[in-house]
Structure formats: C-alpha cells, structure tokens
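See structure below.
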Amino acid sequence: MEIKKVENMHGGEGHVIIKRLLDEKQLNGKCGLYAEVTIEPGCSLGYHEHHGESETYYILSGKGIYSDNGTLRMVEAGDVTFTPDGKGHAMTNSGDEDLVFMALIIFD
C-alpha cells in the first residue's frame, strides 16, 4: 500500500493523507482510486470537479462538512456521498478527531 501526505490538496487547508489500497494495475483501468483518506482536525480537501468519472465517499469515523456543488451538509460515520460526472465537491474536518473515509473513483 502506498501512503501519501498531500499538502493543500485541491487548494484545501493543511494536508490530506491518502492510503491507496489498490494500485493502478489492480484497478484494471476501471477505477482511478480506491483509498482510505484521513483529514486531520483543521484540514480540508478543497473543492474540485470530476470529469469522465464519479467519486463516492464512505465515512468511517469523525465528522465533517461536505460541499456538494456548494451545498453544505454535515457527514459522520456511516454516511455516504456521491459526486457524479461533471459535478464537484469538497470536505472539511469539522471535529476534533481525524475524519477518515473510503474514497472510490470510478471511470465513466
């Protein structure tokens, strides 16, 4: 597994930790990403759009503010988000513990 710490991801604050569970070969050209993502308190993943792909988050722990094309909503463990092709999203850790979620990008 590859673990990467990305500073100011998509213009967000602080950093995001991405633990890729499958590599490019294992994803077999069907997916762009299957990973566990950690956003520490005070950090965020900035707003970005998806083109030719969709992205789903499954929240494992922590609390966050999810931007669904600019519409904000709270998310916590057990919640699922879906961003279809052509739409955008962002995530901010709004709690005092790590926000951890699974991220899956599927090519259209």
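Every chain in the structure tokens takes a letter, A first, then B, and so on in the order presented; its residues are numbered from 1, and the ligands are numbered from 1 following the presented order.
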Near-A:Val75 list (9 Å; only C-alpha atoms; drop same-chain fewer than 5 positions) as a list of chain:residue names = A:Ile59, A:Gly62, A:Lys63, A:Gly64, A:Ile65, A:Tyr66, A:Val80, A:Thr81
Just write the chosen residues, all heavy atoms, as a short mmCIF file (atom, residue, chain, number, x, y, z; two decimals), in the first residue's frame.
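Once everything was written out, this is out_24.cif:
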data_model
loop_
_atom_site.label_atom_id
_atom_site.label_comp_id
_atom_site.auth_asym_id
_atom_site.auth_seq_id
_atom_site.Cartn_x
_atom_site.Cartn_y
_atom_site.Cartn_z
N ILE A 59 -17.97 7.38 4.96
CA ILE A 59 -17.35 7.92 6.16
C ILE A 59 -17.19 6.82 7.20
O ILE A 59 -18.17 6.19 7.61
CB ILE A 59 -18.18 9.09 6.74
CG1 ILE A 59 -18.56 10.11 5.66
CG2 ILE A 59 -17.42 9.75 7.90
CD1 ILE A 59 -17.43 10.72 4.89
N GLY A 62 -15.17 10.14 12.55
CA GLY A 62 -15.03 11.58 12.59
C GLY A 62 -16.25 12.29 12.04
O GLY A 62 -17.27 11.67 11.71
N LYS A 63 -16.14 13.62 11.96
CA LYS A 63 -17.22 14.46 11.46
C LYS A 63 -16.65 15.46 10.48
O LYS A 63 -15.52 15.92 10.62
CB LYS A 63 -17.90 15.21 12.61
CG LYS A 63 -18.61 14.31 13.58
CD LYS A 63 -19.27 15.10 14.68
CE LYS A 63 -19.96 14.13 15.62
NZ LYS A 63 -20.60 14.82 16.73
N GLY A 64 -17.47 15.81 9.48
CA GLY A 64 -17.01 16.77 8.50
C GLY A 64 -18.13 17.58 7.90
O GLY A 64 -19.30 17.29 8.10
N ILE A 65 -17.72 18.60 7.17
CA ILE A 65 -18.66 19.40 6.38
C ILE A 65 -18.36 19.07 4.92
O ILE A 65 -17.25 19.31 4.43
CB ILE A 65 -18.48 20.90 6.64
CG1 ILE A 65 -18.71 21.21 8.12
CG2 ILE A 65 -19.43 21.71 5.75
CD1 ILE A 65 -18.33 22.61 8.52
N TYR A 66 -19.34 18.51 4.25
CA TYR A 66 -19.21 18.10 2.85
C TYR A 66 -19.87 19.14 1.97
O TYR A 66 -21.02 19.53 2.21
CB TYR A 66 -19.88 16.73 2.67
CG TYR A 66 -19.84 16.22 1.26
CD1 TYR A 66 -18.66 15.75 0.71
CD2 TYR A 66 -20.99 16.20 0.47
CE1 TYR A 66 -18.62 15.27 -0.60
CE2 TYR A 66 -20.96 15.72 -0.82
CZ TYR A 66 -19.77 15.26 -1.35
OH TYR A 66 -19.72 14.79 -2.64
N VAL A 80 -22.74 8.26 3.34
CA VAL A 80 -22.19 8.06 2.01
C VAL A 80 -22.45 9.32 1.19
O VAL A 80 -23.52 9.91 1.26
CB VAL A 80 -22.85 6.84 1.31
CG1 VAL A 80 -22.37 6.71 -0.13
CG2 VAL A 80 -22.60 5.57 2.08
N THR A 81 -21.44 9.74 0.42
CA THR A 81 -21.62 10.85 -0.51
C THR A 81 -21.35 10.32 -1.92
O THR A 81 -20.60 9.37 -2.09
CB THR A 81 -20.66 12.02 -0.21
OG1 THR A 81 -19.33 11.63 -0.53
CG2 THR A 81 -20.75 12.45 1.24
#
- Please provide as a ChimeraX atom specification all residues within 8 Å of A:Cys43, with the sequence filter that same-chain residues fewer than 6 positions apart are discarded (counting only C-alpha atoms). /A:12-16,92-93
Notebook entry, point to check: Using only C-alpha atoms, which of A:Met9, A:Gly52, A:Leu60, A:Lys19 sits nearest A:Asp98?
Noted result: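 Between A:Met9, A:Gly52, A:Leu60, A:Lys19, the residue approaching A:Asp98 most closely is A:Leu60.
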### Secondary structure check, strand (DSSP E or B) residues of stretch 18-84 of chain A, as a ChimeraX atom specification
/A:18-20,31-39,44-49,53-61,63-68,71-76,80-83
note - atom CA of A:Asn69 and atom CA of A:His48 are separated by 9.1 Å
Can you tell me which residues surround A:Gly32 at a distance of at most 7 Å, considering only C-alpha atoms, apart from same-chain residues fewer than 5 positions away, and format the answer as an mmCIF file with C-alpha atoms, in the first residue's frame?
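The result, written out as out12.cif:
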data_model
loop_
_atom_site.group_PDB
_atom_site.id
_atom_site.type_symbol
_atom_site.label_atom_id
_atom_site.label_comp_id
_atom_site.auth_asym_id
_atom_site.auth_seq_id
_atom_site.Cartn_x
_atom_site.Cartn_y
_atom_site.Cartn_z
ATOM 1 C CA ILE A 105 -13.290 6.982 -8.161
ATOM 2 C CA ILE A 106 -14.974 5.064 -10.998
ATOM 3 C CA PHE A 107 -14.368 5.961 -14.644
#
Judged by only C-alpha atoms, the minimum distance to A:Val6 among A:Ile39, A:Leu22, A:Tyr58, A:Leu33 is found for A:Ile39
Point-to-point distance from atom CA of A:Ala103 to atom CA of A:Glu55, Å rounded to tenths
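We find that atom CA of A:Ala103 and atom CA of A:Glu55 lie 6.9 Å from each other.
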